[in-house]
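Asks: My structure is in model33.txt, and what it holds is compact mmCIF, C-alpha atoms:
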# COMPACT_ATOMS: atom_id res chain seq x y z
CA MET A 138 -14.50 2.79 -7.49
CA ALA A 139 -17.37 1.46 -9.58
CA MET A 140 -15.07 -1.37 -10.69
CA VAL A 141 -13.96 -2.06 -7.12
CA VAL A 142 -17.45 -2.09 -5.62
CA SER A 143 -18.78 -4.22 -8.47
CA SER A 144 -15.90 -6.68 -8.07
CA LEU A 145 -15.90 -7.02 -4.28
CA THR A 146 -19.60 -6.85 -3.41
CA GLU A 147 -22.81 -8.38 -4.69
CA GLU A 148 -23.82 -4.96 -6.06
CA TYR A 149 -23.14 -3.80 -9.61
CA VAL A 150 -22.40 -0.07 -9.74
CA GLU A 151 -22.25 1.80 -13.04
CA PRO A 152 -19.51 4.43 -13.40
CA THR A 153 -22.22 7.09 -13.85
CA GLU A 154 -23.81 6.02 -10.56
CA MET A 155 -20.48 6.28 -8.77
CA ALA A 156 -19.87 9.70 -10.30
CA GLN A 157 -23.27 10.87 -9.08
CA TRP A 158 -22.62 9.45 -5.60
CA ALA A 159 -19.20 11.18 -5.52
CA TYR A 160 -20.75 14.49 -6.53
CA GLU A 161 -23.56 14.23 -3.98
CA ASN A 162 -21.13 13.37 -1.19
CA GLY A 163 -18.57 16.10 -1.82
CA TYR A 164 -15.85 14.11 -3.56
CA TRP A 165 -16.06 15.93 -6.90
CA CYS A 166 -13.34 18.53 -7.42
CA LYS A 167 -14.40 21.03 -10.07
CA GLY A 168 -11.89 21.08 -12.92
CA SER A 169 -9.81 18.27 -11.42
CA GLY A 170 -11.97 15.16 -11.18
CA SER A 171 -12.23 13.56 -7.76
CA TYR A 172 -10.68 14.27 -4.40
CA HIS A 173 -8.44 11.43 -3.23
CA ALA A 174 -10.74 10.99 -0.23
CA LEU A 175 -13.24 9.45 -2.66
CA ILE A 176 -11.44 6.11 -2.34
CA PRO A 177 -11.76 5.55 1.43
CA GLY A 178 -15.14 7.32 1.44
CA ALA A 179 -16.70 5.10 -1.22
CA ALA A 180 -15.15 1.96 0.27
CA ALA A 181 -16.67 2.79 3.65
CA ASN A 182 -20.05 3.59 2.10
CA TRP A 183 -20.18 0.15 0.48
CA GLY A 184 -18.90 -1.61 3.61
CA LEU A 185 -15.48 -2.48 2.23
CA PRO A 186 -12.40 -2.45 4.48
CA VAL A 187 -9.80 0.02 3.24
CA SER A 188 -6.32 1.00 4.35
CA GLY A 189 -3.87 3.47 2.88
CA CYS A 190 -0.50 2.31 1.66
CA THR A 191 2.65 4.08 0.52
CA ALA A 192 5.08 3.34 -2.29
CA SER A 193 7.57 2.17 0.36
CA GLU A 194 5.33 -0.84 1.16
CA PRO A 195 5.40 -2.92 -2.03
CA GLN A 196 5.26 -6.28 -0.23
CA ARG A 197 2.10 -5.20 1.58
CA MET A 198 0.45 -4.53 -1.78
CA LEU A 199 1.65 -7.84 -3.24
CA ASP A 200 0.34 -9.72 -0.20
CA ALA A 201 -3.03 -7.97 -0.48
CA LEU A 202 -3.29 -8.84 -4.18
CA ALA A 203 -2.40 -12.48 -3.40
CA GLU A 204 -5.28 -12.50 -0.88
CA GLY A 205 -7.74 -11.38 -3.57
CA LYS A 206 -7.92 -7.76 -2.47
CA LEU A 207 -7.75 -4.86 -4.90
CA VAL A 208 -5.43 -1.87 -4.71
CA VAL A 209 -6.52 1.52 -6.02
CA ALA A 210 -3.62 3.71 -7.13
CA ILE A 211 -3.54 7.42 -7.95
CA MET A 212 -1.03 7.86 -10.73
CA SER A 213 0.88 10.95 -11.83
CA GLU A 214 2.48 11.67 -15.19
CA GLY A 215 3.79 8.60 -16.96
CA HIS A 216 2.42 5.56 -18.79
CA PHE A 217 -1.12 5.97 -17.44
CA THR A 218 -1.73 9.71 -17.55
CA LYS A 219 -0.42 13.18 -18.27
CA GLY A 220 -1.93 14.42 -14.99
CA GLY A 221 -3.72 12.49 -12.25
CA HIS A 222 -5.59 9.23 -12.82
CA PHE A 223 -6.93 6.38 -10.69
CA ILE A 224 -6.24 2.78 -11.72
CA VAL A 225 -6.95 -0.53 -9.98
CA LEU A 226 -4.26 -3.12 -9.34
CA ARG A 227 -6.14 -6.40 -9.60
CA GLY A 228 -3.61 -9.21 -9.29
CA VAL A 229 -0.20 -10.64 -10.04
CA LYS A 230 0.67 -12.86 -13.02
CA ASP A 231 4.15 -14.07 -13.90
CA GLY A 232 5.59 -11.67 -11.33
CA LYS A 233 3.94 -8.64 -12.93
CA ILE A 234 0.94 -6.53 -11.96
CA MET A 235 -2.43 -6.81 -13.69
CA VAL A 236 -4.31 -3.51 -13.81
CA ALA A 237 -7.79 -2.31 -14.60
CA ASP A 238 -7.43 1.12 -16.18
CA PRO A 239 -10.81 2.76 -16.74
CA ALA A 240 -9.30 4.91 -19.48
CA SER A 241 -7.61 2.19 -21.53
CA TYR A 242 -8.54 -1.34 -22.53
CA ARG A 243 -5.04 -1.73 -24.00
CA ARG A 244 -3.24 -0.80 -20.76
CA SER A 245 -5.63 -3.04 -18.86
CA GLY A 246 -4.53 -5.98 -21.00
CA GLN A 247 -0.83 -5.44 -20.33
CA LEU A 248 1.22 -6.77 -17.43
CA TRP A 249 3.16 -4.09 -15.56
CA ASP A 250 6.36 -4.05 -13.53
CA LEU A 251 5.58 -3.05 -9.97
CA GLU A 252 8.56 -0.66 -10.08
CA THR A 253 6.89 1.32 -12.89
CA ILE A 254 3.70 1.67 -10.89
CA LEU A 255 5.57 2.64 -7.70
CA LYS A 256 7.66 5.22 -9.61
CA GLU A 257 4.68 6.81 -11.35
CA ALA A 258 2.33 6.89 -8.33
CA SER A 259 1.43 10.39 -7.18
CA ARG A 260 3.83 11.90 -4.66
CA ARG A 261 1.15 14.40 -3.60
CA ALA A 262 -1.59 11.94 -2.71
CA GLY A 263 -3.92 12.71 0.16
CA ALA A 264 -6.35 10.61 2.20
CA GLY A 265 -3.82 7.87 2.95
CA GLY A 266 -2.67 7.26 -0.66
CA PRO A 267 -1.21 6.94 -3.21
CA PHE A 268 -2.38 3.35 -2.78
CA TRP A 269 -5.47 2.04 -1.01
CA ILE A 270 -5.85 -1.66 -0.25
CA ILE A 271 -9.53 -2.63 -0.41
CA GLY A 272 -11.23 -5.85 0.54
For this file, produce the structure as structure tokens.
Replies:
Amino acid sequence: MAMVVSSLTEEYVEPTEMAQWAYENGYWCKGSGSYHALIPGAAANWGLPVSGCTASEPQRMLDALAEGKLVVAIMSEGHFTKGGHFIVLRGVKDGKIMVADPASYRRSGQLWDLETILKEASRRAGAGGPFWIIG
């Protein structure tokens, strides 16, 4: 969410600041990272519109990306993680998805098939996920 807030607002937020905010506001899940509710909670705190989206709504995500919005995705086991991991879908280029993966500069530089992202998105997402359209 530090990337999202820094990209869509006039405020620059360090990842450590976002982690502290998440902890102080009850979004830290001991031993597991962050609760999925962090995404809509942080978006609301920084005044960003947010709406949940499912894997069965790919065109909605593509439209949002075309409008300059960002899409946060919670991923399950696959190319991005062995467990659970948030990434940001940041645009479309040559019919493929550009991502910002906070855990990998290499994956962030690749273009991804939307089908791969849809297939690997968490099936157990809460708080309106596994995708959140922000902006």
Asks: Considering all atoms listed in the file, return as a list in words whatever protein or nucleic-acid residues lie within 12 Å of Ala180 in chain A, sequence-local ones (same chain, fewer than 5 positions apart) excluded.
Replies: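 In the requested format, the answer is Met138, Ala139, Met140, Val141, Val142, Ser143, Leu145, Thr146, Met155, Ala159, Ala174, Leu175, Leu185, Pro186, Val187, Ser188, Gly189, Leu207, Val208, Val209, Trp269, Ile270, Ile271 and Gly272 of chain A.
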Asks: Between A:Glu194, A:Glu151, A:Asp250, A:Glu257, which residue has the minimum interatomic distance to Gly221 in chain A, considering all atoms listed in the file?
Replies: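 Closest to Gly221 in chain A, using all atoms listed in the file: A:Glu257.
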Asks: Between A:Leu202, A:Gly178, A:Asn162, A:Ser241, which residue has the minimum interatomic distance to His216 in chain A, considering all atoms listed in the file?
Replies: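 Answer, going by the shortest atom-to-atom distance: A:Ser241.
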Asks: Here's a test: counting only C-alpha atoms, identify every protein, DNA and RNA residue with an atom at most 7 Å from (0.7, 4.1, 3.7) in the file's coordinate frame, and state them as a ChimeraX atom specification.
Replies: /A:189-191,265-266
Asks: State, in Å with one decimal place, the distance from CA of Glu161 in chain A to CA of Ala258 in chain A.
Replies: 27.3 Å
Asks: Can you patch up range 195-231 of chain A, filling it in to N, CA and C atoms, and show the result as an mmCIF file, in the frame of the given file?
Replies:
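The new file selection-v6.cif reads:
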data_model
loop_
_atom_site.group_PDB
_atom_site.id
_atom_site.type_symbol
_atom_site.label_atom_id
_atom_site.label_comp_id
_atom_site.auth_asym_id
_atom_site.auth_seq_id
_atom_site.Cartn_x
_atom_site.Cartn_y
_atom_site.Cartn_z
ATOM 1 N N PRO A 195 5.802 -2.082 -0.903
ATOM 2 C CA PRO A 195 5.400 -2.920 -2.030
ATOM 3 C C PRO A 195 4.963 -4.332 -1.624
ATOM 4 N N GLN A 196 5.615 -4.922 -0.630
ATOM 5 C CA GLN A 196 5.260 -6.280 -0.230
ATOM 6 C C GLN A 196 3.850 -6.331 0.345
ATOM 7 N N ARG A 197 3.467 -5.276 1.039
ATOM 8 C CA ARG A 197 2.100 -5.200 1.580
ATOM 9 C C ARG A 197 1.071 -5.228 0.454
ATOM 10 N N MET A 198 1.354 -4.524 -0.637
ATOM 11 C CA MET A 198 0.450 -4.530 -1.780
ATOM 12 C C MET A 198 0.424 -5.899 -2.447
ATOM 13 N N LEU A 199 1.589 -6.512 -2.623
ATOM 14 C CA LEU A 199 1.650 -7.840 -3.240
ATOM 15 C C LEU A 199 0.898 -8.870 -2.409
ATOM 16 N N ASP A 200 1.056 -8.800 -1.093
ATOM 17 C CA ASP A 200 0.340 -9.720 -0.200
ATOM 18 C C ASP A 200 -1.166 -9.530 -0.324
ATOM 19 N N ALA A 201 -1.594 -8.273 -0.366
ATOM 20 C CA ALA A 201 -3.030 -7.970 -0.480
ATOM 21 C C ALA A 201 -3.585 -8.521 -1.800
ATOM 22 N N LEU A 202 -2.855 -8.331 -2.882
ATOM 23 C CA LEU A 202 -3.290 -8.840 -4.180
ATOM 24 C C LEU A 202 -3.364 -10.370 -4.160
ATOM 25 N N ALA A 203 -2.404 -11.019 -3.508
ATOM 26 C CA ALA A 203 -2.400 -12.480 -3.400
ATOM 27 C C ALA A 203 -3.603 -12.980 -2.607
ATOM 28 N N GLU A 204 -4.114 -12.151 -1.701
ATOM 29 C CA GLU A 204 -5.280 -12.500 -0.880
ATOM 30 C C GLU A 204 -6.596 -12.200 -1.593
ATOM 31 N N GLY A 205 -6.528 -11.686 -2.822
ATOM 32 C CA GLY A 205 -7.740 -11.380 -3.570
ATOM 33 C C GLY A 205 -8.283 -9.983 -3.346
ATOM 34 N N LYS A 206 -7.514 -9.151 -2.670
ATOM 35 C CA LYS A 206 -7.920 -7.760 -2.470
ATOM 36 C C LYS A 206 -7.548 -6.959 -3.715
ATOM 37 N N LEU A 207 -8.100 -5.778 -3.824
ATOM 38 C CA LEU A 207 -7.750 -4.860 -4.900
ATOM 39 C C LEU A 207 -6.989 -3.691 -4.317
ATOM 40 N N VAL A 208 -6.185 -3.046 -5.136
ATOM 41 C CA VAL A 208 -5.430 -1.870 -4.710
ATOM 42 C C VAL A 208 -5.726 -0.747 -5.694
ATOM 43 N N VAL A 209 -6.300 0.342 -5.191
ATOM 44 C CA VAL A 209 -6.520 1.520 -6.020
ATOM 45 C C VAL A 209 -5.269 2.376 -5.936
ATOM 46 N N ALA A 210 -4.817 2.874 -7.077
ATOM 47 C CA ALA A 210 -3.620 3.710 -7.130
ATOM 48 C C ALA A 210 -3.955 5.024 -7.816
ATOM 49 N N ILE A 211 -3.432 6.125 -7.271
ATOM 50 C CA ILE A 211 -3.540 7.420 -7.950
ATOM 51 C C ILE A 211 -2.193 7.661 -8.624
ATOM 52 N N MET A 212 -2.241 7.751 -9.942
ATOM 53 C CA MET A 212 -1.030 7.860 -10.730
ATOM 54 C C MET A 212 -0.783 9.318 -11.145
ATOM 55 N N SER A 213 0.493 9.643 -11.292
ATOM 56 C CA SER A 213 0.880 10.950 -11.830
ATOM 57 C C SER A 213 1.427 10.721 -13.237
ATOM 58 N N GLU A 214 2.037 11.723 -13.804
ATOM 59 C CA GLU A 214 2.480 11.670 -15.190
ATOM 60 C C GLU A 214 3.350 10.449 -15.475
ATOM 61 N N GLY A 215 3.036 9.782 -16.565
ATOM 62 C CA GLY A 215 3.790 8.600 -16.960
ATOM 63 C C GLY A 215 3.016 7.776 -17.970
ATOM 64 N N HIS A 216 3.075 6.468 -17.853
ATOM 65 C CA HIS A 216 2.420 5.560 -18.790
ATOM 66 C C HIS A 216 0.898 5.640 -18.755
ATOM 67 N N PHE A 217 0.328 6.017 -17.602
ATOM 68 C CA PHE A 217 -1.120 5.970 -17.440
ATOM 69 C C PHE A 217 -1.824 7.310 -17.617
ATOM 70 N N THR A 218 -1.092 8.394 -17.506
ATOM 71 C CA THR A 218 -1.730 9.710 -17.550
ATOM 72 C C THR A 218 -0.719 10.824 -17.778
ATOM 73 N N LYS A 219 -1.234 11.962 -18.194
ATOM 74 C CA LYS A 219 -0.420 13.180 -18.270
ATOM 75 C C LYS A 219 -0.605 14.016 -17.009
ATOM 76 N N GLY A 220 -1.629 13.680 -16.221
ATOM 77 C CA GLY A 220 -1.930 14.420 -14.990
ATOM 78 C C GLY A 220 -2.149 13.454 -13.857
ATOM 79 N N GLY A 221 -3.369 13.424 -13.306
ATOM 80 C CA GLY A 221 -3.720 12.490 -12.250
ATOM 81 C C GLY A 221 -4.776 11.517 -12.731
ATOM 82 N N HIS A 222 -4.669 10.248 -12.310
ATOM 83 C CA HIS A 222 -5.590 9.230 -12.820
ATOM 84 C C HIS A 222 -5.594 8.031 -11.876
ATOM 85 N N PHE A 223 -6.795 7.576 -11.525
ATOM 86 C CA PHE A 223 -6.930 6.380 -10.690
ATOM 87 C C PHE A 223 -6.920 5.123 -11.563
ATOM 88 N N ILE A 224 -6.187 4.099 -11.118
ATOM 89 C CA ILE A 224 -6.240 2.780 -11.720
ATOM 90 C C ILE A 224 -6.444 1.765 -10.593
ATOM 91 N N VAL A 225 -6.771 0.537 -10.968
ATOM 92 C CA VAL A 225 -6.950 -0.530 -9.980
ATOM 93 C C VAL A 225 -5.930 -1.624 -10.265
ATOM 94 N N LEU A 226 -5.150 -1.977 -9.241
ATOM 95 C CA LEU A 226 -4.260 -3.120 -9.340
ATOM 96 C C LEU A 226 -5.108 -4.321 -8.944
ATOM 97 N N ARG A 227 -5.170 -5.330 -9.810
ATOM 98 C CA ARG A 227 -6.140 -6.400 -9.600
ATOM 99 C C ARG A 227 -5.546 -7.784 -9.418
ATOM 100 N N GLY A 228 -4.226 -7.908 -9.503
ATOM 101 C CA GLY A 228 -3.610 -9.210 -9.290
ATOM 102 C C GLY A 228 -2.181 -9.243 -9.767
ATOM 103 N N VAL A 229 -1.583 -10.429 -9.617
ATOM 104 C CA VAL A 229 -0.200 -10.640 -10.040
ATOM 105 C C VAL A 229 -0.186 -11.864 -10.959
ATOM 106 N N LYS A 230 0.528 -11.748 -12.073
ATOM 107 C CA LYS A 230 0.670 -12.860 -13.020
ATOM 108 C C LYS A 230 2.106 -12.841 -13.535
ATOM 109 N N ASP A 231 2.762 -13.958 -13.428
ATOM 110 C CA ASP A 231 4.150 -14.070 -13.900
ATOM 111 C C ASP A 231 5.045 -12.995 -13.290
#
